[in-house]
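Here is the file final-v7.txt (compact mmCIF, C-alpha atoms).
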```
# COMPACT_ATOMS: atom_id res chain seq x y z
CA MET A 1 11.49 30.08 -42.20
CA LYS A 2 9.48 27.63 -44.26
CA HIS A 3 6.58 26.46 -42.11
CA SER A 4 6.20 23.31 -44.13
CA GLU A 5 9.64 22.18 -42.98
CA ARG A 6 10.39 21.17 -39.43
CA PRO A 7 13.90 22.02 -38.33
CA ARG A 8 16.08 18.93 -38.48
CA PRO A 9 17.98 18.00 -35.39
CA ILE A 10 21.40 19.54 -35.23
CA GLN A 11 23.10 16.17 -35.45
CA GLU A 12 21.30 15.21 -38.65
CA ARG A 13 22.00 18.58 -40.22
CA ALA A 14 25.66 18.37 -39.29
CA ARG A 15 26.00 15.00 -41.00
CA ARG A 16 24.62 16.53 -44.19
CA LEU A 17 27.22 19.28 -44.39
CA PRO A 18 29.56 19.02 -47.38
CA ALA A 19 32.45 16.66 -46.83
CA GLU A 20 34.71 18.71 -49.05
CA ILE A 21 35.20 22.45 -49.29
CA PRO A 22 37.85 23.49 -51.80
CA PRO A 23 39.95 26.48 -50.74
CA ALA A 24 39.22 29.75 -52.53
CA ARG A 25 42.65 29.64 -54.17
CA ASP A 26 45.16 27.02 -55.21
CA LEU A 27 47.48 26.48 -52.25
CA TRP A 28 49.79 24.05 -54.04
CA PRO A 29 52.33 26.60 -55.37
CA GLY A 30 53.11 27.76 -51.85
CA ILE A 31 53.25 24.21 -50.51
CA GLU A 32 55.55 23.13 -53.30
CA ALA A 33 57.83 26.12 -52.72
CA ARG A 34 58.16 25.22 -49.05
CA ILE A 35 58.77 21.56 -49.84
CA ARG A 36 61.48 22.41 -52.34
CA SER A 37 63.16 24.69 -49.83
CA SER A 38 62.86 22.16 -47.08
CA ALA A 39 66.02 20.78 -45.59
CA LEU A 40 64.07 17.57 -45.10
CA ASP A 41 63.35 16.93 -48.81
CA ALA A 42 62.78 13.21 -49.23
CA THR A 43 65.46 12.97 -51.90
CA SER A 44 68.17 14.03 -49.49
CA ALA A 45 69.64 12.22 -46.49
CA PRO A 46 70.41 12.29 -43.64
CA LEU A 47 67.68 14.27 -41.82
CA ARG A 48 68.76 17.67 -40.61
CA ALA A 49 67.36 19.94 -37.91
CA ARG A 50 63.79 21.06 -38.48
CA ARG A 51 63.11 24.62 -39.48
CA ARG A 52 60.12 26.63 -38.55
CA TRP A 53 58.17 28.13 -41.42
CA LEU A 54 56.40 31.41 -41.84
CA PRO A 55 52.95 31.54 -43.39
CA LEU A 56 53.25 32.11 -47.10
CA VAL A 57 52.58 35.60 -48.33
CA ALA A 58 51.61 36.72 -51.83
CA ALA A 59 54.05 35.11 -54.24
CA ALA A 60 57.23 33.91 -52.59
CA SER A 61 57.67 31.71 -49.55
CA VAL A 62 59.87 33.00 -46.76
CA VAL A 63 61.85 30.84 -44.41
CA MET A 64 62.29 32.05 -40.88
CA ALA A 65 63.88 29.42 -38.75
CA ALA A 66 63.25 29.35 -35.06
CA ALA A 67 66.13 28.95 -32.67
CA VAL A 68 66.86 25.26 -32.47
CA ALA A 69 69.38 23.48 -30.33
CA GLY A 70 70.78 26.82 -29.26
CA GLY A 71 71.58 27.94 -32.80
CA LEU A 72 70.37 31.32 -33.92
CA HIS A 73 69.12 31.84 -37.46
CA PHE A 74 69.40 35.53 -37.38
CA ALA A 75 72.39 36.67 -39.41
CA ARG A 76 75.27 37.66 -37.29
CA GLY A 77 76.65 41.03 -38.24
CA PRO A 78 77.76 44.34 -36.88
CA ASP A 79 75.24 46.08 -34.70
CA GLN A 80 73.84 48.70 -37.07
CA GLY A 81 72.14 51.85 -35.94
CA ALA A 82 68.62 51.77 -37.31
CA PRO A 83 66.87 54.92 -38.58
CA ASP A 84 63.94 56.11 -36.52
CA ARG A 85 61.50 55.66 -39.40
CA THR A 86 61.62 54.47 -42.99
CA ALA A 87 60.75 56.67 -45.93
CA SER A 88 57.22 55.26 -45.90
CA GLY A 89 56.72 56.24 -42.28
CA LEU A 90 56.68 52.60 -41.18
CA PRO A 91 59.09 51.91 -38.35
CA PRO A 92 61.98 49.72 -39.52
CA ALA A 93 61.88 45.99 -38.95
CA ALA A 94 65.33 45.75 -37.47
CA ALA A 95 65.03 44.95 -33.81
CA PRO A 96 68.17 42.98 -33.12
CA PHE A 97 68.46 41.17 -29.88
CA GLY A 98 71.80 41.23 -28.26
CA PRO A 99 74.90 42.67 -29.82
CA GLY A 100 75.88 41.40 -33.23
CA HIS A 101 72.49 40.01 -34.36
CA ASN A 102 70.26 41.32 -37.15
CA LEU A 103 67.28 39.96 -38.98
CA GLY A 104 68.10 37.71 -41.92
CA SER A 105 68.16 39.09 -45.45
CA ARG A 106 65.32 36.83 -46.62
CA TYR A 107 63.06 38.09 -43.87
CA GLN A 108 64.02 41.66 -44.71
CA ALA A 109 63.23 41.03 -48.37
CA ALA A 110 59.85 39.50 -47.56
CA ARG A 111 58.96 42.37 -45.27
CA ALA A 112 60.08 44.92 -47.85
CA GLY A 113 57.77 43.27 -50.36
CA LEU A 114 54.84 43.69 -48.02
CA THR A 115 55.60 47.27 -47.00
CA ASP A 116 55.68 48.68 -50.53
CA ASP A 117 52.98 51.30 -50.77
CA PHE A 118 52.20 50.73 -47.12
CA ASP A 119 50.90 54.25 -46.61
CA GLN A 120 48.70 54.13 -49.70
CA ARG A 121 47.29 50.75 -48.70
CA LEU A 122 46.53 52.02 -45.23
CA LYS A 123 44.76 55.10 -46.61
CA ALA A 124 42.61 52.90 -48.86
CA LEU A 125 41.06 51.17 -45.87
CA PRO A 126 37.82 52.20 -44.16
CA PRO A 127 38.62 54.24 -41.03
CA GLU A 128 37.68 51.53 -38.56
CA THR A 129 39.74 48.92 -40.37
CA ARG A 130 42.68 51.32 -40.63
CA ALA A 131 42.51 51.92 -36.90
CA SER A 132 42.55 48.17 -36.28
CA VAL A 133 45.65 47.69 -38.43
CA VAL A 134 47.47 50.54 -36.73
CA GLN A 135 46.51 49.27 -33.29
CA ASN A 136 47.59 45.75 -34.15
CA LEU A 137 50.99 46.93 -35.39
CA GLU A 138 51.46 49.04 -32.29
CA THR A 139 50.65 46.05 -30.09
CA ILE A 140 53.20 43.98 -31.97
CA ARG A 141 55.86 46.69 -31.81
CA ARG A 142 55.39 47.02 -28.06
CA ALA A 143 55.78 43.26 -27.71
CA MET A 144 58.96 43.37 -29.82
CA ALA A 145 60.39 46.15 -27.66
CA GLU A 146 59.57 44.33 -24.42
CA ILE A 147 60.98 41.02 -25.57
CA ASN A 148 64.10 42.70 -26.94
CA ALA A 149 64.61 44.47 -23.64
CA ALA A 150 64.34 41.16 -21.82
CA LEU A 151 66.76 39.55 -24.27
CA GLY A 152 69.18 42.38 -23.71
CA GLU A 153 69.53 41.09 -20.17
CA ASP A 154 69.35 37.40 -21.06
CA PRO A 155 70.38 37.01 -24.73
CA ALA A 156 70.72 33.23 -24.57
CA ASN A 157 67.12 32.71 -23.42
CA GLN A 158 65.64 30.43 -26.08
CA PHE A 159 62.03 30.97 -25.00
CA LEU A 160 62.40 34.71 -25.46
CA GLN A 161 64.11 34.18 -28.80
CA GLN A 162 61.20 32.02 -29.98
CA GLN A 163 58.68 34.55 -28.72
CA LEU A 164 60.49 37.30 -30.61
CA LEU A 165 60.53 35.27 -33.81
CA ALA A 166 56.84 34.53 -33.39
CA THR A 167 56.17 38.23 -32.96
CA TYR A 168 58.02 39.03 -36.18
CA GLN A 169 55.83 36.40 -37.81
CA ASP A 170 52.76 38.12 -36.43
CA GLU A 171 53.86 41.40 -38.01
CA LEU A 172 54.24 39.74 -41.39
CA THR A 173 50.79 38.20 -40.99
CA VAL A 174 49.23 41.60 -40.29
CA LEU A 175 51.04 43.12 -43.28
CA ALA A 176 49.98 40.22 -45.50
CA ASN A 177 46.38 40.62 -44.40
CA LEU A 178 46.59 44.33 -45.21
CA GLN A 179 47.83 43.50 -48.69
CA ARG A 180 45.11 40.90 -49.17
CA VAL A 181 42.33 43.23 -48.00
CA THR A 182 43.46 46.19 -50.10
CA GLU A 183 43.83 44.02 -53.20
CA ARG A 184 40.29 42.79 -52.70
CA LEU A 185 39.08 46.37 -52.30
CA ALA A 186 40.84 47.33 -55.53
CA THR A 187 39.11 44.45 -57.36
CA ARG A 188 35.69 45.47 -56.10
CA ASN A 189 36.24 49.10 -57.09
CA GLU A 190 36.99 48.02 -60.62
CA ILE A 191 33.62 46.27 -61.04
CA MET B 1 33.66 35.77 -53.74
CA GLN B 2 33.33 32.02 -53.71
CA VAL B 3 30.35 30.69 -51.79
CA HIS B 4 31.00 27.26 -50.42
CA THR B 5 27.43 26.04 -50.75
CA ALA B 6 28.26 25.36 -54.40
CA VAL B 7 29.93 22.16 -53.22
CA PRO B 8 27.62 19.14 -53.50
CA ALA B 9 26.04 18.24 -50.18
CA ASN B 10 27.09 15.19 -48.25
CA THR B 11 24.78 12.25 -48.83
CA GLY B 12 24.61 11.63 -45.10
CA ARG B 13 27.41 9.12 -44.87
CA ARG B 14 30.09 9.44 -42.26
CA VAL B 15 32.31 12.31 -43.27
CA ALA B 16 35.43 11.12 -41.50
CA PRO B 17 38.07 9.70 -43.84
CA GLU B 18 36.82 6.42 -45.19
CA PRO B 19 38.89 3.62 -46.56
CA ASP B 20 39.32 4.32 -50.23
CA SER B 21 40.19 1.74 -52.81
CA GLY B 22 43.68 2.11 -51.42
CA THR B 23 45.49 1.38 -54.62
CA GLY B 24 45.61 4.93 -55.93
CA ASP B 25 46.77 6.51 -52.68
CA ARG B 26 49.25 3.75 -51.88
CA GLN B 27 51.03 4.11 -55.19
CA LEU B 28 51.13 7.88 -54.91
CA VAL B 29 52.32 7.74 -51.32
CA ALA B 30 55.11 5.35 -52.26
CA ALA B 31 56.20 7.61 -55.10
CA ALA B 32 56.00 10.74 -52.97
CA ALA B 33 57.99 9.10 -50.19
CA ALA B 34 60.70 8.49 -52.76
CA GLY B 35 60.78 12.20 -53.51
CA ASP B 36 58.25 12.48 -56.35
CA HIS B 37 56.74 15.97 -56.01
CA ALA B 38 54.22 15.32 -58.78
CA ALA B 39 52.89 12.32 -56.88
CA PHE B 40 52.51 14.40 -53.74
CA GLU B 41 50.73 17.08 -55.73
CA ALA B 42 48.29 14.43 -56.92
CA LEU B 43 47.66 13.50 -53.29
CA TYR B 44 47.13 17.18 -52.50
CA ARG B 45 44.61 17.60 -55.34
CA ARG B 46 42.80 14.47 -54.23
CA HIS B 47 42.45 15.37 -50.55
CA VAL B 48 42.69 19.16 -50.16
CA GLY B 49 38.90 19.56 -50.16
CA ARG B 50 38.44 17.38 -47.08
CA ILE B 51 41.46 18.79 -45.28
CA HIS B 52 40.38 22.35 -45.99
CA ALA B 53 36.83 21.63 -44.82
CA LEU B 54 38.21 20.33 -41.53
CA CYS B 55 40.60 23.26 -41.04
CA LEU B 56 37.99 25.85 -42.02
CA ARG B 57 35.40 24.53 -39.60
CA MET B 58 37.86 24.10 -36.72
CA THR B 59 39.43 27.54 -37.12
CA GLY B 60 36.31 29.42 -38.24
CA ASN B 61 38.62 31.68 -40.22
CA ARG B 62 39.50 31.43 -43.90
CA ALA B 63 43.05 32.79 -43.70
CA ALA B 64 43.89 30.58 -40.71
CA ALA B 65 42.40 27.58 -42.50
CA GLU B 66 44.59 28.16 -45.55
CA ASP B 67 47.66 28.43 -43.34
CA CYS B 68 46.74 25.19 -41.59
CA VAL B 69 46.12 23.41 -44.89
CA GLN B 70 49.54 24.45 -46.13
CA GLU B 71 51.16 23.44 -42.86
CA THR B 72 49.34 20.09 -43.00
CA PHE B 73 50.64 19.19 -46.40
CA VAL B 74 54.15 20.44 -45.67
CA GLN B 75 54.22 18.37 -42.47
CA GLY B 76 52.72 15.50 -44.40
CA TRP B 77 55.59 15.66 -46.84
CA LEU B 78 58.19 15.91 -44.09
CA LYS B 79 56.74 12.94 -42.21
CA LEU B 80 55.86 10.82 -45.22
CA GLN B 81 58.75 8.47 -44.76
CA ALA B 82 57.48 7.77 -41.26
CA PHE B 83 53.99 6.85 -42.56
CA GLU B 84 53.83 3.11 -42.17
CA GLY B 85 50.54 2.56 -43.98
CA ARG B 86 48.74 1.01 -41.02
CA SER B 87 45.89 3.43 -41.65
CA GLU B 88 44.65 4.97 -44.85
CA PHE B 89 46.66 7.98 -45.99
CA LEU B 90 43.74 10.40 -45.66
CA THR B 91 43.04 9.22 -42.11
CA TRP B 92 46.65 9.85 -41.23
CA LEU B 93 46.63 13.23 -43.00
CA HIS B 94 43.45 14.13 -41.16
CA ARG B 95 45.26 13.69 -37.86
CA VAL B 96 48.16 15.82 -39.10
CA ALA B 97 45.62 18.52 -39.96
CA VAL B 98 44.02 18.37 -36.51
CA ASN B 99 47.45 18.71 -34.90
CA SER B 100 48.23 21.65 -37.15
CA VAL B 101 45.05 23.44 -36.09
CA LEU B 102 45.58 22.66 -32.40
CA SER B 103 49.18 23.90 -32.55
CA ARG B 104 48.00 27.14 -34.09
CA GLN B 105 45.25 27.55 -31.50
CA ARG B 106 47.71 26.97 -28.64
CA ALA B 107 50.27 29.37 -30.12
CA GLU B 108 47.68 32.08 -30.70
CA SER B 109 46.47 31.85 -27.14
CA ARG B 110 50.01 32.66 -25.95
CA ARG B 111 50.95 35.43 -28.38
CA PRO B 112 50.23 39.15 -28.36
CA SER B 113 48.27 38.46 -31.54
CA GLY B 114 45.68 36.80 -29.34
CA HIS B 115 44.78 40.36 -28.40
CA LEU B 116 44.75 41.71 -31.95
CA ARG B 117 41.53 42.85 -33.53
CA PRO B 118 40.35 41.07 -36.70
CA VAL B 119 40.98 43.28 -39.72
CA ASP B 120 39.96 41.13 -42.65
CA GLN B 121 36.19 40.87 -42.24
CA ASP B 122 35.93 38.26 -44.98
CA ALA B 123 38.31 36.08 -43.02
CA ALA B 124 36.28 36.79 -39.89
CA ASP B 125 33.18 35.41 -41.68
CA PRO B 126 34.57 32.55 -43.75
CA TRP B 127 31.22 31.62 -45.27
CA GLY B 128 30.75 34.97 -47.06
CA ALA B 129 27.00 34.76 -47.60
CA ASN B 130 24.75 37.73 -48.23
CA PRO B 131 23.69 39.44 -45.01
CA GLY B 132 20.05 39.01 -45.91
CA GLU B 133 20.12 35.22 -45.90
CA THR B 134 18.64 34.16 -42.58
CA ASP B 135 16.78 30.92 -43.31
CA PRO B 136 17.68 28.59 -40.45
CA GLY B 137 17.23 25.62 -42.72
CA THR B 138 20.27 26.44 -44.86
CA ASP B 139 23.63 24.82 -44.34
CA LEU B 140 25.20 28.26 -44.36
CA ASP B 141 23.49 29.24 -41.14
CA LEU B 142 24.67 26.06 -39.45
CA GLU B 143 28.22 26.64 -40.74
CA ARG B 144 28.22 30.17 -39.37
CA ALA B 145 26.77 29.04 -36.08
CA ILE B 146 29.50 26.42 -35.79
CA ALA B 147 32.13 29.06 -36.55
CA SER B 148 30.75 31.16 -33.69
CA LEU B 149 31.16 28.41 -31.09
CA PRO B 150 33.84 28.64 -28.41
CA GLU B 151 37.02 26.94 -29.56
CA GLY B 152 36.81 23.82 -27.39
CA ALA B 153 33.16 23.15 -28.21
CA ARG B 154 33.78 23.83 -31.89
CA ASN B 155 36.71 21.42 -32.08
CA VAL B 156 34.66 18.62 -30.53
CA PHE B 157 31.59 19.29 -32.66
CA VAL B 158 33.57 19.38 -35.90
CA LEU B 159 35.39 16.14 -35.19
CA HIS B 160 32.52 14.19 -33.65
CA SER B 161 29.31 15.45 -35.23
CA ILE B 162 30.67 16.36 -38.67
CA GLY B 163 33.76 14.18 -38.91
CA GLY B 164 32.08 11.13 -37.47
CA TYR B 165 34.80 10.29 -34.96
CA SER B 166 33.77 8.50 -31.78
CA HIS B 167 34.00 10.20 -28.40
CA GLU B 168 37.13 8.19 -27.65
CA GLU B 169 38.78 9.08 -30.97
CA THR B 170 37.82 12.74 -30.63
CA ALA B 171 39.12 12.94 -27.07
CA ALA B 172 42.40 11.29 -28.07
CA MET B 173 42.92 13.65 -30.99
CA LEU B 174 42.24 16.70 -28.85
CA GLY B 175 44.18 15.46 -25.85
CA VAL B 176 41.22 15.68 -23.45
CA ALA B 177 39.31 13.24 -21.31
CA VAL B 178 36.29 11.48 -22.83
CA GLY B 179 34.06 13.11 -20.21
CA THR B 180 35.33 16.54 -21.20
CA CYS B 181 34.67 15.72 -24.82
CA LYS B 182 31.08 14.72 -24.09
CA ALA B 183 30.51 17.85 -22.02
CA GLN B 184 31.88 20.05 -24.79
CA LEU B 185 29.65 18.31 -27.31
CA HIS B 186 26.59 18.88 -25.17
CA ARG B 187 27.56 22.52 -24.83
CA ALA B 188 28.05 22.85 -28.58
CA ARG B 189 24.65 21.39 -29.39
CA ARG B 190 22.92 23.57 -26.83
CA LEU B 191 24.60 26.72 -28.16
CA LEU B 192 23.83 25.80 -31.76
CA GLU B 193 20.18 25.15 -31.01
CA THR B 194 19.94 28.50 -29.27
CA ARG B 195 21.67 30.38 -32.08
CA LEU B 196 19.62 28.73 -34.79
CA GLU B 197 16.27 29.24 -33.07
CA ARG B 198 13.66 31.38 -34.82
```
Let me see the file written as structure tokens.
Amino acid sequence: MKHSERPRPIQERARRLPAEIPPARDLWPGIEARIRSSALDATSAPLRARRRWLPLVAAASVVMAAAVAGGLHFARGPDQGAPDRTASGLPPAAAPFGPGHNLGSRYQAARAGLTDDFDQRLKALPPETRASVVQNLETIRRAMAEINAALGEDPANQFLQQQLLATYQDELTVLANLQRVTERLATRNEI
Amino acid sequence: MQVHTAVPANTGRRVAPEPDSGTGDRQLVAAAAAGDHAAFEALYRRHVGRIHALCLRMTGNRAAAEDCVQETFVQGWLKLQAFEGRSEFLTWLHRVAVNSVLSRQRAESRRPSGHLRPVDQDAADPWGANPGETDPGTDLDLERAIASLPEGARNVFVLHSIGGYSHEETAAMLGVAVGTCKAQLHRARRLLETRLER
């Protein structure tokens, strides 16, 4: 600490903080993609039901609509038996609730994009970080299983449906963070 | 990694959205409301710095701040036709941003992810300074101390002491009583003074 300087009061220091802080990356491409995909584009009328958006990941935006007005945005289809594990060792995403419902193809595509090289990305992490990722995914999977079990008894429960969709969103967020962290590690290793 | 202290410091004026000349934003808003994406992009480029600063300080997390910034501008686009122009566009957008952050905070408190451990350490420390920098006189230390505040105290401090909103405005935006707002502010200042002591 410089002894020639007296600490300024907190209030005065706070007022001197920068008014603007640009984000580390350009967020416009993702915003524009979501706007263009929006059912509420200003060029179209009339207004339609709102959709709930997922956080953007890597390149493409992914739309995952929450249950609104009783309508489900999971694709209806035959109840498919899911394999116990995928080739990468990552448990499959499919966790349909109720008979005849599966996750939409766009969600599946987005998740597939994030689970490429999942095992290699996990191995690239420091041990403590790897343990955190694994623990987080296990927490999410347990939540998915519990909510699905509850929906099995009450498939029309909109609160449970929204909680399940939010949990799928959480999984994508964890996978996106894994991708972001491992890409940053790769950049540092190249220096 | 970008260090945010490269941004020119505030001159000490009130940081909350100030009335701009009006003409530039009004024309862009009108064009964007008619469906002009380029006009809305211009609004984004003009105001993203302020919106991001607000979201970053309220969330204390870089990844969450980016999500909230995106959500703010998407919601801004969706609600643009409902913007009546009674306030300046940035003031209105500021409120959309605050609502976006609050929605995220409420949702996270309910989800299993509220129990998840932070993985991305850079996101956990959004200011990314060198570990050896400990001068209490730097803005970076204050920013980090703010990020370490409890959520309620942090929200109030960011809006009132940095954003320049009154107690009444801050309380209204956060959906709390004015007394609660003042108590949270007192708590924030006390915690900051303690954490910045040397």
Using all atoms listed in the file, what table do you get, as a Markdown table, when you list each residue of chain A with an atom no more than 6 Å from chain B, its nearest pair of atoms, and their distance in Å rounded to one decimal, rows by chain then rising number?
```
| residue | atom | partner | partner_atom | distance |
| --- | --- | --- | --- | --- |
| A:Met1 | CA | B:Asp135 | CA | 5.5 |
| A:Ala14 | CA | B:Ile162 | CA | 5.4 |
| A:Arg15 | CA | B:Ile162 | CA | 5.4 |
| A:Arg16 | CA | B:Asn10 | CA | 4.9 |
| A:Leu17 | CA | B:Asn10 | CA | 5.6 |
| A:Pro18 | CA | B:Ala9 | CA | 4.6 |
| A:Ala19 | CA | B:Val15 | CA | 5.6 |
| A:Glu20 | CA | B:Gly49 | CA | 4.4 |
| A:Ile21 | CA | B:Gly49 | CA | 4.8 |
| A:Pro22 | CA | B:Gly49 | CA | 4.4 |
| A:Ile31 | CA | B:Gln70 | CA | 5.7 |
| A:Ala42 | CA | B:Gly35 | CA | 4.8 |
| A:Thr43 | CA | B:Gly35 | CA | 5.0 |
| A:Thr129 | CA | B:Val119 | CA | 5.8 |
| A:Asn136 | CA | B:Leu116 | CA | 5.4 |
```
Quiz item: To one decimal place, how far is CA of Ser166 (chain B) from CA of Arg187 (chain B) in Å?
Solution: 16.8 Å
Exercise. Find the residues around Ala171 (chain B) up to 9 Å (all atoms listed in the file counted), leave out those fewer than 6 positions away in its own chain, and share them as a ChimeraX atom specification.
Key: /B:156,177-182
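If all atoms listed in the file are the atoms counted, then among B:Leu159, B:Leu43, B:Ala145, B:Leu191 the closest residue to Asp25 (chain B) is B:Leu43.
Take CA of Arg95 (chain B) and CA of Gly175 (chain B): the distance between them is 12.2 Å.
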Exercise. Work out how far apart CA of Leu151 (chain A) and CA of Gln169 (chain A) are and give it in Å to one decimal.
Key: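 These atoms are spaced 17.7 Å apart.
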Exercise. Measuring atom to atom with only C-alpha atoms, identify which of A:Ala150, A:Leu178, A:Ala109, A:Ala24 is nearest to Arg130 (chain A).
Key: A:Leu178
